[in-house]
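Novice: Below: one structure in structure tokens.
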Amino acid sequence: ISVAPATICTGTSTTLTAIGTGAYSWSTGETTSGITVTPANTTTYTVTVINGNCTASTSVQVTVGSVLLPLITGKTTICAGGSTTLTANGGGTYSWNTGETTSAITVTPTNTTTYTVTVINGNCSGSATVQVTISSPPAPTISGTASICAGGSTTLTASGGGSYSWNTGATTTAINVSPTITTTYTLIANNSGCTGSTMVIVTVTSVPTINASGGSICAGKPILLTATGTDTYTWIPTTGLSPSTGAIVVAAPTTSTTYTITGTSTATGCKSTTTVIVTVLPTPIADFIINPSGIVAPNTVVSFTDISTNGGSPIWDFGDPISNLNNTSTLTSPTHKYTSEDGYCIRLISIGIGCSDTIIKCIEVIDEAIISIPNVFTPNGDNINDVWFIYTKGVKELDCAIYDRWGLKMYEWNTVSGGWDGRAITGNNAPDGVYYFIMKAIPSNNAEPIKRKGFLQLLQVK
């Protein structure tokens with residue numbers, strides 16, 4: 001029996017041919033000299049040849065080999081410009097559609113490509129196919145503010161990739177940076193092994209330098225504050241300011257105040273701040289006591305006492321220029337002798353810490369007391385001659401009593417500034433008529449008391 005071929009692969013056929021004369025009988029039941037068989041596994045076939053009374057038999061084995069199922073391993077997704085090694089298994093010989101015959105090949109496709117390998121082992125063969133896909137590299141972008149002011153920060157955010165790596169060492173999508181100088185930030189994006197990069201330059205702009213100075217003021221007084229170094233300014237708090245913006249403002253706070261000035265560059269938008277202090281100094285309130293006061297006699301030694309509030313050093317001017325050098329003093333409690341009759345106004349300047357206040361009080365120096373007594377008054381409510389006064393000059397004390405014609409006391413007073421408004425002690429209006437007065441005055445120069453008596457006329461004229 002001839003076999004062609006004697007070894008086949010599963011699913012394939014082979015032809016068996018018997019050589020000899022006579023009738024044929026195969027173990028398969030066929031009776032031709034040649035048969036085609038497709039065994040599923042290794043099988044022995046027998047043929048018997050009959051020629052007359054003679055017979056002869058023989059056998060042949062057909063070996064069935066397994067079908068080859070080759071496998072291709074290797075990276076099937078690569079980046080543009082990259083390469084991959086494809087390796088086939090299965091033994092025997094190899095034939096790739098690239099023309100190569102090795103078990104492993106290295107390919108560098110420019111676009112997605114299919115690779116096929118045929119593996120031959122004896123009479124058996126098998127094929128495998130793999131597709132190598134080209135993956136485009138990521139094109140990452142960076143968003144965020146690329147210009148900041150010195151001392152500021154910005155957040156840079158990556159997009160367009162799978163994972164990220166910054167030159168700062170960070171691997172997050174977003175990073176917050178606070179560079180002190182202009183700095184370049186580089187981003188590498190990785191998408192399935194393919195990488196792409198980009199960068200951004202963060203420019204650091206200097207902030208303006210603000211110059212300003214404060215000062216000290218007296219309470220209620222203003223001060224001019226000036227700022228320089230940039231374009232626009234705002235001042236806070238606005239208390240006591242006019243205006244609250246601009247390079248020059250007028251400040252008049254009631255208490256010591258710290259002002260914060262924010263200066264902004266119009267070109268860059270960068271800002272900086274500084275502070276100034278306006279100190280409000282306590283303002284003196286000048287005051288003094290004169291003893292004796294009012295009207296004094298010539299050559300009287302007058303004492304002055306400084307009772308100023310918040311004062312420090314007093315400066316006195318006694319208003320007596322003829323006294324030459326004795327007209328001024330810096331003592332707290334000076335004295336001065338006025339030798340001539342006149343009116344004198346004393347000025348005290350109370351000087352505190354950078355602030356001062358002035359007050360003026362006057363006295364009269366009179367040698368002899370002057371008394372003038374009217375004889376008629378008209379208390380009718382018209383505000384003209386409604387009160388009977390005794391006009392005096394150089395008098396420090398005065399007592400006066402009014403009597404009717406029966407000697408009944410109608411009214412009395414004990415001050416230089418007193419007077420009679422036409423009412424009795426009971427509060428009732430006194431009737432028209434003639435009344436009698438008794439007066440005693442003490443001169444300011446402490447001379448002998450002056451006494452006067454006389455009549456006055458009360459007329460209720462309507």
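By convention in this document, the chains of the structure tokens carry letters A, B, ... by their order, each chain's residues are numbered from 1, and ligands are numbered from 1 in the order they are shown.
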Residues at most 12 Å from Val107 in chain A, counting only C-alpha atoms, excluding those fewer than 5 positions away in the same chain, as a VMD selection string?
Specialist: chain A and resid 74 to 78 81 to 87 96 to 98 100 112 to 115 131 to 134
Novice: Write out as a VMD selection string the residues lying within 6 Å of range 33-36 of chain A, counting only C-alpha atoms and excluding same-chain residues fewer than 2 positions away.
Specialist: chain A and resid 14 to 18
Novice: Measuring atom to atom with only C-alpha atoms, identify which of A:Thr46, A:Trp406, A:Pro5, A:Leu398 is nearest to Gly418 in chain A.
Specialist: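 Among A:Thr46, A:Trp406, A:Pro5, A:Leu398, it is A:Leu398 that comes nearest to Gly418 in chain A.
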Novice: Compile the contact shell of Asn176 in chain A as a ChimeraX atom specification: residues with an atom at most 9 Å away, counting only C-alpha atoms, same-chain residues fewer than 2 positions apart removed.
Specialist: /A:153-157,174,178
Novice: Looking only at strand (DSSP E or B) from DSSP on the backbone, list the matching residues of range 54-181 of chain A as number ranges by chain.
Specialist: A: 54-65, 72-73, 77-79, 84-88, 93-96, 104-107, 113-121, 124-135, 141-143, 147-149, 154-159, 163-166, 174-177
Novice: To test your reading of the structure, identify every residue in range 102-332 of chain A that backbone DSSP assigns to helix (DSSP H, G or I), and report it as a list of chain:residue names.
Specialist: A:Pro321, A:Ile322, A:Ser323, A:Asn324, A:Leu325, A:Asn326, A:Asn327
Novice: Show which residues sit within 8 Å of Thr226 in chain A, as a VMD selection string. Count only C-alpha atoms, and ignore same-chain residues fewer than 3 positions away.
Specialist: chain A and resid 212 to 213 247 to 249
Novice: Let me see the file: selected residues, N, CA and C atoms, as a compact mmCIF listing (two decimals), in the first residue's frame.
Specialist:
# COMPACT_ATOMS: atom_id res chain seq x y z
N ALA A 212 5.15 106.84 52.88
CA ALA A 212 4.22 107.79 53.51
C ALA A 212 4.70 108.03 54.93
N SER A 213 4.32 109.18 55.47
CA SER A 213 4.72 109.50 56.85
C SER A 213 3.55 110.14 57.57
N ALA A 247 -3.30 110.46 46.47
CA ALA A 247 -1.96 110.55 47.03
C ALA A 247 -1.89 111.52 48.21
N ILE A 248 -2.81 112.49 48.25
CA ILE A 248 -2.80 113.49 49.31
C ILE A 248 -4.18 113.51 49.97
N VAL A 249 -4.21 113.34 51.29
CA VAL A 249 -5.46 113.40 52.03
C VAL A 249 -5.25 114.29 53.25
Novice: Ranking A:Asn51, A:Thr43, A:Asn327, A:Asn291 by minimum distance to Ile363 in chain A and counting only C-alpha atoms, which one comes first?
Specialist: A:Asn291
Novice: If we count only C-alpha atoms, what is near Gly161 in chain A at a cut-off of 6 Å, once residues fewer than 6 positions away on the same chain are taken out, given as a list in words?
Specialist: Pro138, Pro140, Ala189, Asn190 and Asn191 of chain A
Novice: How about saving the chosen residues, N, CA and C atoms kept, as an mmCIF file, in the first residue's frame?
Specialist:
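The new file selection-v6.cif reads:
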data_model
loop_
_atom_site.group_PDB
_atom_site.id
_atom_site.type_symbol
_atom_site.label_atom_id
_atom_site.label_comp_id
_atom_site.auth_asym_id
_atom_site.auth_seq_id
_atom_site.Cartn_x
_atom_site.Cartn_y
_atom_site.Cartn_z
ATOM 1 N N PRO A 138 -0.231 62.478 23.757
ATOM 2 C CA PRO A 138 -1.105 63.530 24.295
ATOM 3 C C PRO A 138 -0.535 64.911 24.013
ATOM 4 N N PRO A 140 -0.847 68.016 26.035
ATOM 5 C CA PRO A 140 -1.354 68.644 27.257
ATOM 6 C C PRO A 140 -1.356 70.168 27.156
ATOM 7 N N ALA A 189 2.686 64.830 30.209
ATOM 8 C CA ALA A 189 1.451 64.065 30.292
ATOM 9 C C ALA A 189 1.692 62.675 29.720
ATOM 10 N N ASN A 190 1.167 61.648 30.363
ATOM 11 C CA ASN A 190 1.318 60.256 29.922
ATOM 12 C C ASN A 190 -0.056 59.688 29.658
ATOM 13 N N ASN A 191 -0.217 59.157 28.432
ATOM 14 C CA ASN A 191 -1.499 58.563 28.058
ATOM 15 C C ASN A 191 -1.214 57.211 27.420
#
Novice: Using only C-alpha atoms, which of A:Thr198, A:Thr116, A:Ser272, A:Ser293 sits nearest Gly99 in chain A?
Specialist: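 Counting only C-alpha atoms, the residue closest to Gly99 in chain A is A:Thr116.
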Novice: May I ask for the distance between CA of Pro292 in chain A and CA of Ser350 in chain A, given in Å to one decimal place?
Specialist: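 Computing it gives 21.4 Å between the two atoms.
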Novice: Have a look at CA of Gly152 in chain A and CA of Trp166 in chain A and let me know their distance in Å, one decimal.
Specialist: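 Calculated distance between CA of Gly152 in chain A and CA of Trp166 in chain A is 20.0 Å.
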